[in-house]
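entry18.txt, holding compact mmCIF, C-alpha atoms:
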# COMPACT_ATOMS: atom_id res chain seq x y z
CA MET A 864 -227.00 -43.94 -25.77
CA GLU A 865 -227.94 -40.42 -24.89
CA CYS A 866 -225.86 -38.52 -22.45
CA PRO A 867 -227.74 -36.71 -19.69
CA ARG A 868 -227.73 -32.94 -20.03
CA PRO A 869 -225.38 -31.45 -17.55
CA SER A 870 -226.90 -29.01 -15.12
CA LEU A 871 -225.51 -25.50 -14.74
CA VAL A 872 -224.12 -26.49 -11.35
CA THR A 873 -222.23 -29.43 -12.83
CA LEU A 874 -220.86 -27.25 -15.60
CA GLY A 875 -219.78 -24.63 -13.11
CA ALA A 876 -218.05 -27.21 -10.91
CA GLY A 877 -216.26 -28.63 -13.95
CA LEU A 878 -215.04 -25.24 -14.99
CA LEU A 879 -213.76 -24.57 -11.48
CA LEU A 880 -211.86 -27.87 -11.48
CA LEU A 881 -210.27 -26.93 -14.78
CA LEU A 882 -209.27 -23.52 -13.51
CA LEU A 883 -208.07 -24.43 -10.02
CA PRO A 884 -204.91 -26.35 -10.90
CA THR A 885 -203.54 -23.35 -12.72
CA ALA A 886 -204.88 -20.65 -10.44
CA VAL A 887 -203.99 -22.02 -7.02
CA PRO A 888 -200.27 -22.77 -7.29
CA SER A 889 -199.50 -19.48 -8.98
CA SER A 890 -201.09 -17.39 -6.30
CA ALA A 891 -202.15 -18.95 -3.02
CA ASP A 892 -199.37 -21.52 -2.62
CA ALA A 893 -196.64 -19.23 -3.80
CA GLN A 894 -198.02 -16.39 -1.70
CA SER A 895 -198.21 -18.49 1.45
CA SER A 896 -194.58 -19.57 1.07
CA ARG A 897 -193.38 -15.99 0.89
CA PRO A 898 -192.27 -14.39 4.10
CA ASP A 899 -194.46 -11.53 5.21
CA LEU A 900 -192.41 -8.32 5.20
CA ASP A 901 -195.50 -6.18 5.69
CA GLY A 902 -195.41 -3.56 8.41
CA MET A 903 -193.11 -1.19 10.21
CA TRP A 904 -189.36 -1.70 10.50
CA SER A 905 -186.91 0.58 12.23
CA ASP A 906 -183.44 0.88 13.70
CA PRO A 907 -182.39 -2.46 15.20
CA PRO A 908 -181.59 -2.65 18.93
CA PRO A 909 -178.19 -1.10 19.61
CA THR A 910 -175.26 -3.45 19.26
CA PRO A 911 -171.73 -2.54 18.22
CA VAL A 912 -172.10 -4.02 14.74
CA ASP A 913 -175.57 -2.63 14.11
CA GLN A 914 -174.44 0.80 15.24
CA PHE A 915 -171.55 0.60 12.81
CA CYS A 916 -174.08 -0.38 10.14
CA PHE A 917 -176.60 2.23 11.29
CA ILE A 918 -176.65 3.68 7.79
CA THR A 919 -174.85 0.94 5.92
CA CYS A 920 -171.65 -1.08 6.08
CA THR A 921 -169.69 -3.78 4.34
CA ASP A 922 -168.50 -7.22 5.38
CA VAL A 923 -164.93 -5.93 5.29
CA GLY A 924 -165.82 -3.12 7.69
CA ILE A 925 -167.66 -5.44 10.07
CA ALA A 926 -164.73 -7.86 10.17
CA HIS A 927 -162.33 -5.04 11.00
CA LEU A 928 -164.64 -3.64 13.68
CA ASN A 929 -164.82 -7.08 15.30
CA ARG A 930 -161.03 -7.34 15.27
CA LEU A 931 -160.83 -3.99 17.05
CA LEU A 932 -163.48 -5.00 19.58
CA ASP A 933 -161.71 -8.28 20.32
CA ASP A 934 -158.36 -6.60 20.96
CA PRO A 935 -157.91 -5.93 24.72
CA ALA A 936 -155.72 -2.98 23.83
CA ASN A 937 -158.87 -1.18 22.66
CA ASP A 938 -161.02 -1.83 25.72
CA ALA A 939 -160.52 1.68 27.10
CA ARG A 940 -161.09 3.45 23.80
CA PRO A 941 -164.54 4.93 23.18
CA PHE A 942 -166.65 2.99 20.74
CA ARG A 943 -166.91 5.93 18.37
CA GLU A 944 -163.16 5.87 17.92
CA LEU A 945 -163.23 2.21 16.96
CA MET A 946 -166.12 2.83 14.64
CA SER A 947 -164.28 5.67 12.92
CA GLU A 948 -161.24 3.45 12.52
CA ALA A 949 -163.37 0.69 11.00
CA ASP A 950 -164.96 3.27 8.69
CA ARG A 951 -161.56 4.39 7.49
CA TYR A 952 -160.45 0.80 6.94
CA GLN A 953 -163.64 0.02 5.04
CA ASN A 954 -163.18 3.09 2.86
CA GLU A 955 -159.54 2.55 2.06
CA GLU A 956 -159.29 -1.23 1.89
CA TYR A 957 -162.61 -2.09 0.33
CA ILE A 958 -164.47 0.79 -1.32
CA ARG A 959 -161.67 2.91 -2.75
CA PRO A 960 -160.07 0.05 -4.75
CA LEU A 961 -163.44 -0.59 -6.40
CA LEU A 962 -163.84 2.97 -7.63
CA THR A 963 -162.84 4.34 -11.01
CA PRO A 964 -159.93 6.81 -10.83
CA ASP A 965 -162.08 9.93 -11.14
CA THR A 966 -164.50 8.76 -8.47
CA ALA A 967 -161.69 7.63 -6.19
CA GLN A 968 -160.10 11.06 -6.41
CA ALA A 969 -163.13 12.67 -4.78
CA PHE A 970 -163.78 9.83 -2.33
CA PRO A 971 -165.03 10.17 0.32
CA LEU A 972 -167.00 13.29 -0.49
CA ASP A 973 -166.85 16.16 1.94
CA PRO A 974 -169.93 16.14 4.18
CA ALA A 975 -170.18 19.88 3.61
CA GLU A 976 -171.01 19.12 -0.04
CA ASP A 977 -174.13 17.15 0.90
CA PRO A 978 -177.03 18.45 -1.21
CA GLY A 979 -179.39 17.18 1.47
CA LEU A 980 -177.71 19.49 3.96
CA LEU A 981 -177.07 22.46 1.72
CA ARG A 982 -180.26 22.52 -0.31
CA CYS A 983 -182.62 20.18 1.54
CA GLU A 984 -182.51 18.02 -1.57
CA PRO A 985 -184.13 14.64 -0.89
CA TRP A 986 -181.87 11.64 -1.21
CA GLY A 987 -181.79 9.60 -4.38
CA PHE A 988 -182.29 5.84 -4.52
CA ALA A 989 -178.71 4.87 -3.68
CA ARG A 990 -178.84 6.84 -0.44
CA GLN A 991 -182.48 6.37 0.45
CA ILE A 992 -182.31 2.59 0.69
CA PHE A 993 -179.79 3.09 3.51
CA ALA A 994 -181.91 5.60 5.39
CA PRO A 995 -182.03 5.08 9.14
CA HIS A 996 -185.19 4.94 11.22
CA GLN A 997 -188.60 3.72 10.11
CA MET A 998 -189.38 1.88 6.90
CA ASP A 999 -192.98 0.89 6.26
CA ILE A 1000 -193.49 -2.00 3.83
CA ARG A 1001 -196.82 -2.75 2.19
CA GLN A 1002 -197.12 -5.87 0.08
CA PHE A 1003 -199.76 -6.15 -2.63
CA ASP A 1004 -200.38 -8.83 -5.25
CA ASP A 1005 -198.61 -6.90 -7.97
CA ARG A 1006 -196.26 -4.57 -6.10
CA ILE A 1007 -194.56 -3.66 -2.87
CA GLU A 1008 -194.69 -0.11 -1.61
CA ILE A 1009 -192.09 1.24 0.77
CA ARG A 1010 -192.26 4.45 2.73
CA TYR A 1011 -189.12 5.66 4.47
CA ALA A 1012 -189.28 7.97 7.47
CA GLU A 1013 -186.15 9.81 6.39
CA TRP A 1014 -187.30 12.43 3.86
CA ASP A 1015 -190.73 10.75 3.91
CA ALA A 1016 -189.63 9.08 0.67
CA ARG A 1017 -191.65 6.47 -1.16
CA ARG A 1018 -190.94 3.88 -3.79
CA THR A 1019 -192.80 1.14 -5.63
CA ILE A 1020 -191.35 -2.25 -6.47
CA PHE A 1021 -193.34 -3.97 -9.18
CA THR A 1022 -193.69 -7.72 -8.63
CA ASP A 1023 -196.05 -8.51 -11.51
CA GLY A 1024 -193.34 -9.74 -13.82
CA ARG A 1025 -192.92 -6.58 -15.84
CA ARG A 1026 -189.54 -5.50 -17.05
CA PRO A 1027 -188.23 -1.98 -16.55
CA PRO A 1028 -189.19 0.27 -19.47
CA ALA A 1029 -186.47 2.12 -21.31
CA SER A 1030 -187.46 5.43 -19.87
CA THR A 1031 -185.87 8.52 -18.54
CA THR A 1032 -184.22 8.35 -15.16
CA THR A 1033 -185.78 9.44 -11.90
CA PRO A 1034 -184.21 10.01 -8.46
CA MET A 1035 -185.64 6.75 -7.09
CA GLY A 1036 -185.24 4.78 -10.31
CA TYR A 1037 -187.45 1.94 -11.50
CA SER A 1038 -187.65 -1.18 -9.37
CA VAL A 1039 -188.93 -4.65 -10.16
CA GLY A 1040 -188.93 -7.50 -7.70
CA HIS A 1041 -189.36 -11.24 -7.46
CA TRP A 1042 -189.00 -13.91 -4.81
CA GLU A 1043 -186.23 -16.45 -4.66
CA GLY A 1044 -187.36 -18.74 -1.88
CA ASP A 1045 -187.58 -16.59 1.22
CA THR A 1046 -185.63 -13.75 -0.36
CA LEU A 1047 -187.17 -10.69 -1.96
CA VAL A 1048 -184.91 -9.69 -4.83
CA VAL A 1049 -185.28 -6.15 -6.17
CA GLU A 1050 -183.58 -4.90 -9.31
CA THR A 1051 -183.38 -1.15 -9.83
CA THR A 1052 -182.25 0.83 -12.86
CA ALA A 1053 -183.00 4.24 -14.43
CA VAL A 1054 -181.68 6.12 -11.42
CA THR A 1055 -180.69 9.73 -11.96
CA ALA A 1056 -177.00 10.39 -11.30
CA ASN A 1057 -176.59 11.15 -7.60
CA LEU A 1058 -174.76 9.77 -4.59
CA VAL A 1059 -174.21 6.25 -3.28
CA GLY A 1060 -174.36 5.81 0.46
CA VAL A 1061 -174.20 8.30 3.24
CA PHE A 1062 -171.29 9.97 4.98
CA PRO A 1063 -168.62 8.79 5.63
CA SER A 1064 -168.60 6.19 2.85
CA TRP A 1065 -170.18 7.89 -0.10
CA PHE A 1066 -169.39 8.66 -3.69
CA ALA A 1067 -171.02 9.96 -6.83
CA HIS A 1068 -172.68 7.56 -9.28
CA SER A 1069 -173.87 8.00 -12.84
CA ASP A 1070 -177.28 7.31 -14.36
CA ARG A 1071 -175.96 3.90 -15.42
CA LEU A 1072 -176.18 2.63 -11.87
CA SER A 1073 -177.94 -0.67 -11.37
CA ALA A 1074 -178.61 -2.32 -8.05
CA VAL A 1075 -179.83 -5.65 -6.75
CA GLU A 1076 -181.25 -5.61 -3.24
CA ARG A 1077 -181.94 -8.83 -1.37
CA TYR A 1078 -184.22 -8.78 1.68
CA ASN A 1079 -184.52 -11.59 4.21
CA ARG A 1080 -186.60 -11.73 7.35
CA SER A 1081 -185.13 -13.68 10.24
CA ALA A 1082 -186.76 -16.93 11.34
CA ASP A 1083 -188.15 -15.30 14.50
CA GLY A 1084 -189.48 -12.37 12.48
CA SER A 1085 -187.70 -9.72 14.49
CA ARG A 1086 -185.08 -8.66 11.97
CA LEU A 1087 -184.93 -7.72 8.31
CA GLU A 1088 -181.59 -7.84 6.58
CA MET A 1089 -180.70 -6.32 3.25
CA THR A 1090 -177.66 -6.86 1.09
CA VAL A 1091 -177.25 -4.76 -2.01
CA THR A 1092 -174.90 -5.05 -4.95
CA MET A 1093 -174.36 -1.95 -7.04
CA GLU A 1094 -172.78 -1.65 -10.45
CA ASP A 1095 -171.99 1.49 -12.39
CA ARG A 1096 -169.41 1.45 -15.15
CA GLU A 1097 -168.70 5.15 -14.68
CA SER A 1098 -167.97 5.14 -10.96
CA LEU A 1099 -167.15 1.50 -10.17
CA ARG A 1100 -164.52 -0.83 -11.58
CA GLN A 1101 -166.23 -3.78 -9.93
CA PRO A 1102 -169.53 -4.27 -8.11
CA VAL A 1103 -169.68 -3.00 -4.55
CA HIS A 1104 -171.61 -4.78 -1.81
CA PHE A 1105 -173.28 -3.13 1.17
CA ARG A 1106 -175.53 -4.39 3.93
CA LYS A 1107 -178.01 -3.03 6.43
CA ALA A 1108 -180.56 -4.34 8.93
CA TRP A 1109 -183.82 -3.22 10.52
CA GLY A 1110 -185.68 -4.39 13.60
CA TRP A 1111 -189.41 -5.19 13.67
CA ALA A 1112 -191.11 -2.11 15.13
CA PRO A 1113 -194.90 -2.35 14.86
CA GLU A 1114 -195.35 0.25 17.61
CA GLU A 1115 -193.51 2.96 15.70
CA GLU A 1116 -194.94 5.38 13.18
CA ILE A 1117 -193.69 7.73 10.52
CA PHE A 1118 -194.06 11.43 11.11
CA PRO A 1119 -194.11 13.98 8.30
CA TYR A 1120 -191.04 15.82 7.19
CA VAL A 1121 -192.11 19.39 7.61
CA ASP A 1122 -189.16 21.64 8.06
CA CYS A 1123 -185.80 21.00 6.48
CA GLU A 1124 -183.64 23.91 7.49
CA ARG A 1125 -180.79 25.00 5.26
CA PRO A 1126 -177.74 25.78 7.35
CA SER A 1127 -176.43 29.32 7.20
CA GLU A 1128 -172.90 28.15 7.92
CA VAL A 1129 -170.95 25.09 6.93
CA ARG A 1130 -167.28 24.32 7.12
CA LYS A 1131 -165.58 22.13 4.58
CA GLY A 1132 -162.86 19.66 5.34
CA VAL A 1133 -164.10 18.67 8.79
CA ASN A 1134 -164.22 14.93 8.72
CA GLN A 1135 -165.47 14.12 12.17
CA PRO A 1136 -168.15 11.46 11.90
CA MET B 730 -169.35 36.54 21.32
CA THR B 731 -169.53 36.87 25.06
CA SER B 732 -172.34 34.97 26.61
CA ARG B 733 -173.27 33.23 29.78
CA CYS B 734 -172.08 29.98 28.50
CA THR B 735 -169.43 27.71 29.75
CA LEU B 736 -167.09 26.63 27.06
CA LEU B 737 -165.88 23.20 27.90
CA VAL B 738 -162.96 22.49 25.69
CA ALA B 739 -163.38 18.80 26.02
CA LEU B 740 -161.78 15.87 24.38
CA LEU B 741 -164.06 13.79 22.25
CA LEU B 742 -166.44 12.35 24.74
CA PRO B 743 -168.24 9.11 24.23
CA ILE B 744 -171.50 10.99 24.58
CA LEU B 745 -170.91 12.80 21.34
CA SER B 746 -172.58 11.78 18.18
CA THR B 747 -171.83 8.45 16.67
CA ALA B 748 -171.41 8.06 12.95
CA GLY B 749 -174.60 7.75 11.07
CA ALA B 750 -176.82 8.17 14.07
CA ALA B 751 -177.38 11.82 13.30
CA ALA B 752 -180.30 11.46 10.95
CA HIS B 753 -180.40 13.05 7.55
CA HIS B 754 -177.03 14.74 7.24
CA ALA B 755 -173.57 14.73 8.72
CA PHE B 756 -173.10 16.80 11.80
CA SER B 757 -169.51 17.90 11.29
CA PRO B 758 -169.91 20.62 8.62
CA VAL B 759 -171.86 22.76 11.07
CA TYR B 760 -170.93 21.64 14.59
CA ASP B 761 -167.64 21.03 16.35
CA GLY B 762 -167.88 17.60 17.93
CA THR B 763 -164.69 18.11 19.91
CA ARG B 764 -166.16 20.79 22.18
CA THR B 765 -169.26 21.31 24.26
CA VAL B 766 -170.96 24.48 25.43
CA THR B 767 -173.48 24.91 28.22
CA ILE B 768 -176.09 27.66 28.06
CA LYS B 769 -178.71 28.70 30.58
CA GLY B 770 -181.83 30.45 29.41
CA THR B 771 -185.57 30.63 28.90
CA VAL B 772 -187.45 28.69 26.25
CA ILE B 773 -189.03 30.94 23.64
CA GLU B 774 -190.09 28.20 21.28
CA PHE B 775 -189.91 24.42 21.02
CA ARG B 776 -190.69 22.69 17.74
CA LEU B 777 -190.83 18.90 17.83
CA VAL B 778 -190.61 18.23 14.09
CA ASN B 779 -188.68 16.31 11.46
CA PRO B 780 -186.00 16.23 10.32
CA HIS B 781 -184.70 18.04 13.40
CA ALA B 782 -186.49 19.47 16.40
CA THR B 783 -185.40 22.93 17.48
CA MET B 784 -185.55 25.09 20.57
CA THR B 785 -185.13 28.84 20.67
CA ILE B 786 -183.63 30.02 23.93
CA ASP B 787 -183.31 33.51 25.35
CA VAL B 788 -179.90 33.74 27.01
CA THR B 789 -178.71 36.75 28.96
CA ASN B 790 -175.02 37.21 28.45
CA GLU B 791 -172.48 38.51 30.96
CA ALA B 792 -173.09 42.08 29.81
CA GLY B 793 -176.79 41.67 30.53
CA VAL B 794 -177.69 41.61 26.87
CA HIS B 795 -180.27 39.14 25.63
CA GLU B 796 -179.13 36.73 22.96
CA THR B 797 -181.28 34.29 21.04
CA TRP B 798 -179.76 30.82 20.77
CA THR B 799 -180.95 27.97 18.60
CA VAL B 800 -180.66 24.41 19.82
CA GLU B 801 -180.83 21.73 17.14
CA LEU B 802 -182.01 18.35 18.39
CA ALA B 803 -182.61 14.95 16.84
CA GLY B 804 -185.81 14.62 14.83
CA LEU B 805 -189.30 13.88 16.04
CA LEU B 806 -188.94 10.24 15.11
CA SER B 807 -185.91 9.71 17.35
CA LEU B 808 -187.07 11.91 20.21
CA SER B 809 -190.57 10.42 20.33
CA ARG B 810 -188.99 7.01 20.75
CA GLN B 811 -187.42 8.40 23.94
CA GLY B 812 -190.79 9.67 25.15
CA TRP B 813 -190.50 13.29 24.07
CA THR B 814 -193.76 15.12 23.33
CA ASP B 815 -194.68 18.71 22.49
CA ASN B 816 -195.07 19.22 26.23
CA THR B 817 -191.69 17.89 27.29
CA VAL B 818 -190.40 21.45 27.18
CA SER B 819 -192.67 24.47 27.62
CA VAL B 820 -192.29 28.10 26.68
CA GLY B 821 -190.94 29.93 29.70
CA ASP B 822 -189.05 26.95 31.10
CA GLN B 823 -185.64 27.78 32.51
CA LEU B 824 -183.23 25.24 31.06
CA THR B 825 -179.57 24.39 31.24
CA ILE B 826 -178.55 22.91 27.90
CA THR B 827 -175.28 21.38 26.84
CA GLY B 828 -174.36 20.86 23.23
CA ASN B 829 -171.71 21.15 20.55
CA PRO B 830 -171.04 24.67 19.29
CA THR B 831 -170.82 25.68 15.65
CA HIS B 832 -167.43 26.06 14.03
CA THR B 833 -168.00 29.79 13.68
CA GLY B 834 -169.14 30.43 17.25
CA SER B 835 -172.62 31.55 16.23
CA PRO B 836 -175.38 31.26 18.87
CA ARG B 837 -176.36 27.75 17.95
CA ILE B 838 -175.64 24.32 19.44
CA ALA B 839 -176.30 20.69 18.66
CA PHE B 840 -178.19 19.23 21.60
CA ARG B 841 -176.50 16.71 23.87
CA ARG B 842 -178.35 17.05 27.19
CA LEU B 843 -180.51 19.43 29.19
CA VAL B 844 -181.74 19.86 32.73
CA LEU B 845 -185.46 20.61 33.14
CA PRO B 846 -186.74 23.01 35.83
CA ASN B 847 -187.58 19.98 38.02
CA GLY B 848 -183.98 18.80 37.84
CA LYS B 849 -184.65 15.91 35.49
CA GLU B 850 -181.97 15.40 32.86
CA LEU B 851 -182.84 14.59 29.26
CA ARG B 852 -180.24 13.36 26.86
CA ASP B 853 -179.80 13.07 23.15
CA PRO B 854 -181.18 9.71 21.94
CA ASN B 855 -177.80 8.86 20.48
CA VAL B 856 -176.26 9.06 23.94
CA ASN B 857 -178.55 6.31 25.17
CA ARG B 858 -177.62 4.09 22.25
CA THR B 859 -173.95 4.71 22.90
CA ASP B 860 -174.34 3.83 26.58
CA ALA B 861 -176.00 0.54 25.68
CA ILE B 862 -173.22 -0.30 23.26
CA GLU B 863 -170.48 0.51 25.74
CA GLU B 864 -172.13 -1.83 28.26
CA GLN B 865 -172.18 -4.59 25.65
CA ARG B 866 -168.50 -3.97 25.01
CA ARG B 867 -167.73 -4.36 28.70
CA GLN B 868 -169.66 -7.65 28.78
CA ARG B 869 -167.85 -8.85 25.67
CA ALA B 870 -164.48 -8.00 27.24
CA ARG B 871 -165.39 -9.85 30.44
CA GLN B 872 -166.40 -12.95 28.47
CA ARG B 873 -163.20 -12.76 26.48
CA ASP B 874 -161.09 -12.46 29.62
CA GLN B 875 -162.93 -15.33 31.32
CA ALA B 876 -162.36 -17.56 28.30
CA ARG B 877 -158.61 -17.22 28.67

For the file at hand, write its structure as structure tokens.
Amino acid sequence: MECPRPSLVTLGAGLLLLLLPTAVPSSADAQSSRPDLDGMWSDPPPTPVDQFCFITCTDVGIAHLNRLLDDPANDARPFRELMSEADRYQNEEYIRPLLTPDTAQAFPLDPAEDPGLLRCEPWGFARQIFAPHQMDIRQFDDRIEIRYAEWDARRTIFTDGRRPPASTTTPMGYSVGHWEGDTLVVETTAVTANLVGVFPSWFAHSDRLSAVERYNRSADGSRLEMTVTMEDRESLRQPVHFRKAWGWAPEEEIFPYVDCERPSEVRKGVNQP
Amino acid sequence: MTSRCTLLVALLLPILSTAGAAAHHAFSPVYDGTRTVTIKGTVIEFRLVNPHATMTIDVTNEAGVHETWTVELAGLLSLSRQGWTDNTVSVGDQLTITGNPTHTGSPRIAFRRLVLPNGKELRDPNVNRTDAIEEQRRQRARQRDQAR
């Protein structure tokens, strides 16, 4: 019995059927299950905790701030006083014990030593991810691009499965990302030695720093939360965990950074927040 | 430096900067957050830019000598959120501006609030955030007290 010759259309349809089972789940289905982080994020609406975490904070610091807020004895004290007290507690009870002796000795760094202030030197990765104000996220099939308003800094997170190359360090490091359910997980290495965090909880890190950021968008879409774990055998005895949040801000925009002025006068040892 | 400025040796006021809210660097190495100064003068220049907007003000001191003061404000991104534009302040405007002085007493202040020629008061964006937070604290305290 002779089989009928398949037409080109039939062959094409067959090929499509063969290809679809592998193509669809790996792109369309997976893509549709990922939360959409695309767009503009910015400072969340002011609340006591989010103001405390305006740059970044830790769970230990938040817990202490809440204890202070819940104590009637503090009702008449200005919020900034409570925030400074929570900062000190966070520094001394959580961050300092995690630091290596040399790093702890200089912790927290004097704000007058800030290279961003003194020399208009843009922040490195471990400061930039805590930058306040706008953060514009653009998701592509193979990468995510982030632009931060502070310093007009940019970074790329590769999501195409590549591994970081063994290359020289750069200020923003090399970031690769993947999705774990609704969570964007970003691993960053190859960061040039610089500073972790922003005054008043900051310390120097080496070029062995590695970081894992985890981003989650809230169910109502209005909030983006990040937790980050940093490790660095030269500055940290154990991993340190920070957190930060942004609010959805599609009406906001990023303006250029045009004029960073170097101060003609700074005073060391003034630790007012 | 003698100038027509009122030095208000104030205790830390809740209107002063809150940690972290001051954009790209700490405020304390340059400015004294425990004191405020008020200057009156004429706007020579207003630059609404990032990372910090600036105003240059011509102030006539008590001896009748003109001094040029610099006012450092929040950046364009924070001020624009509060409705500031390039035209919010114009060259030639007579302003009364309150801010934190430098540690060295140089003619420079960190902006806290100003009064426009029409009497309208403009405040540092951080002040508005702080006000909102203090109101939430009061509500939280009331709820706590009612729960007892």

Using all atoms listed in the file, pick whichever of B:Asp761, B:Asp853, B:Glu774, B:Asp815 has the shortest atom-to-atom distance to chain A.
->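 Closest residue, counting all atoms listed in the file: B:Asp761.
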
Can you work out the spacing between CA of Val1091 (chain A) and CA of Leu980 (chain A) in Å, to one decimal?
->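 Separation between CA of Val1091 (chain A) and CA of Leu980 (chain A): 25.0 Å.
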
Mind listing as number ranges by chain which residues of chain A are within 8 Å of chain B, counting all atoms listed in the file?
-> A: 909-911, 914-915, 917-918, 932-933, 935, 938, 941-943, 946-947, 974-975, 977, 979-980, 994-996, 1012-1014, 1061-1063, 1115-1123, 1126, 1128-1136

Expected file: the selected residues, C-alpha atoms, as a PDB file, keeping the file's coordinate frame:
ATOM      1  CA  PRO A 909    -178.190  -1.100  19.610  1.00  0.00           C
ATOM      2  CA  THR A 910    -175.260  -3.450  19.260  1.00  0.00           C
ATOM      3  CA  PRO A 911    -171.730  -2.540  18.220  1.00  0.00           C
ATOM      4  CA  GLN A 914    -174.440   0.800  15.240  1.00  0.00           C
ATOM      5  CA  PHE A 915    -171.550   0.600  12.810  1.00  0.00           C
ATOM      6  CA  PHE A 917    -176.600   2.230  11.290  1.00  0.00           C
ATOM      7  CA  ILE A 918    -176.650   3.680   7.790  1.00  0.00           C
ATOM      8  CA  LEU A 932    -163.480  -5.000  19.580  1.00  0.00           C
ATOM      9  CA  ASP A 933    -161.710  -8.280  20.320  1.00  0.00           C
ATOM     10  CA  PRO A 935    -157.910  -5.930  24.720  1.00  0.00           C
ATOM     11  CA  ASP A 938    -161.020  -1.830  25.720  1.00  0.00           C
ATOM     12  CA  PRO A 941    -164.540   4.930  23.180  1.00  0.00           C
ATOM     13  CA  PHE A 942    -166.650   2.990  20.740  1.00  0.00           C
ATOM     14  CA  ARG A 943    -166.910   5.930  18.370  1.00  0.00           C
ATOM     15  CA  MET A 946    -166.120   2.830  14.640  1.00  0.00           C
ATOM     16  CA  SER A 947    -164.280   5.670  12.920  1.00  0.00           C
ATOM     17  CA  PRO A 974    -169.930  16.140   4.180  1.00  0.00           C
ATOM     18  CA  ALA A 975    -170.180  19.880   3.610  1.00  0.00           C
ATOM     19  CA  ASP A 977    -174.130  17.150   0.900  1.00  0.00           C
ATOM     20  CA  GLY A 979    -179.390  17.180   1.470  1.00  0.00           C
ATOM     21  CA  LEU A 980    -177.710  19.490   3.960  1.00  0.00           C
ATOM     22  CA  ALA A 994    -181.910   5.600   5.390  1.00  0.00           C
ATOM     23  CA  PRO A 995    -182.030   5.080   9.140  1.00  0.00           C
ATOM     24  CA  HIS A 996    -185.190   4.940  11.220  1.00  0.00           C
ATOM     25  CA  ALA A1012    -189.280   7.970   7.470  1.00  0.00           C
ATOM     26  CA  GLU A1013    -186.150   9.810   6.390  1.00  0.00           C
ATOM     27  CA  TRP A1014    -187.300  12.430   3.860  1.00  0.00           C
ATOM     28  CA  VAL A1061    -174.200   8.300   3.240  1.00  0.00           C
ATOM     29  CA  PHE A1062    -171.290   9.970   4.980  1.00  0.00           C
ATOM     30  CA  PRO A1063    -168.620   8.790   5.630  1.00  0.00           C
ATOM     31  CA  GLU A1115    -193.510   2.960  15.700  1.00  0.00           C
ATOM     32  CA  GLU A1116    -194.940   5.380  13.180  1.00  0.00           C
ATOM     33  CA  ILE A1117    -193.690   7.730  10.520  1.00  0.00           C
ATOM     34  CA  PHE A1118    -194.060  11.430  11.110  1.00  0.00           C
ATOM     35  CA  PRO A1119    -194.110  13.980   8.300  1.00  0.00           C
ATOM     36  CA  TYR A1120    -191.040  15.820   7.190  1.00  0.00           C
ATOM     37  CA  VAL A1121    -192.110  19.390   7.610  1.00  0.00           C
ATOM     38  CA  ASP A1122    -189.160  21.640   8.060  1.00  0.00           C
ATOM     39  CA  CYS A1123    -185.800  21.000   6.480  1.00  0.00           C
ATOM     40  CA  PRO A1126    -177.740  25.780   7.350  1.00  0.00           C
ATOM     41  CA  GLU A1128    -172.900  28.150   7.920  1.00  0.00           C
ATOM     42  CA  VAL A1129    -170.950  25.090   6.930  1.00  0.00           C
ATOM     43  CA  ARG A1130    -167.280  24.320   7.120  1.00  0.00           C
ATOM     44  CA  LYS A1131    -165.580  22.130   4.580  1.00  0.00           C
ATOM     45  CA  GLY A1132    -162.860  19.660   5.340  1.00  0.00           C
ATOM     46  CA  VAL A1133    -164.100  18.670   8.790  1.00  0.00           C
ATOM     47  CA  ASN A1134    -164.220  14.930   8.720  1.00  0.00           C
ATOM     48  CA  GLN A1135    -165.470  14.120  12.170  1.00  0.00           C
ATOM     49  CA  PRO A1136    -168.150  11.460  11.900  1.00  0.00           C
TER      50      PRO A1136
END

What is the distance, in Å and to one decimal place, between CA of Cys916 (chain A) and CA of Glu1124 (chain A)?
->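 One can read the CA of Cys916 (chain A) to CA of Glu1124 (chain A) distance as 26.2 Å.
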
Å distance separating CA of Arg837 (chain B) from CA of Val788 (chain B), one decimal place =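 Spanning CA of Arg837 (chain B) to CA of Val788 (chain B) is a straight-line distance of 11.4 Å.
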
Find the spatial neighbours of Glu850 (chain B), counting all atoms listed in the file, within a cut-off of 12 Å - ignore same-chain residues fewer than 3 positions away - and output them as a PyMOL selection string.
-> chain B and resi 817-818+824-827+841-847+853

Name the residues, using the chain letters and numbers of the file, that sit within 6 Å of (-185.7, 18.4, 19.9) when counting all atoms listed in the file, and give them as a compact mmCIF listing (two decimals) with C-alpha atoms, keeping the file's coordinate frame.
# COMPACT_ATOMS: atom_id res chain seq x y z
CA LEU B 777 -190.83 18.90 17.83
CA ALA B 782 -186.49 19.47 16.40
CA THR B 783 -185.40 22.93 17.48
CA LEU B 802 -182.01 18.35 18.39
CA ALA B 803 -182.61 14.95 16.84

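All residues of protein, DNA or RNA that reach within 10 Å of Gly821 (chain B), judged by only C-alpha atoms and not counting those fewer than 6 positions away in the chain, are Gly770, Thr771, Val772, Ile773, Glu774, Ile786 and Asp787 of chain B.
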
Mind listing as JSON, numbers by chain all residues within 10 Å of (-189.7, -5.1, 6.5), counting all atoms listed in the file?
-> {"A": [898, 899, 900, 901, 902, 903, 904, 905, 997, 998, 999, 1000, 1001, 1002, 1009, 1078, 1079, 1080, 1084, 1085, 1086, 1087, 1088, 1089, 1108, 1109, 1110, 1111, 1112]}

Out of B:Thr785, B:Lys769, B:Gln872, B:Asn829, which residue has the shortest atom-to-atom distance to Thr797 (chain B) when counting all atoms listed in the file?
-> B:Thr785

Considering only C-alpha atoms, state which residue in the set B:Met784, B:Leu808, B:Val766, B:Val800 is at the smallest distance from Pro854 (chain B).
->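 Checking each of B:Met784, B:Leu808, B:Val766, B:Val800 against Pro854 (chain B), counting only C-alpha atoms, the winner is B:Leu808.
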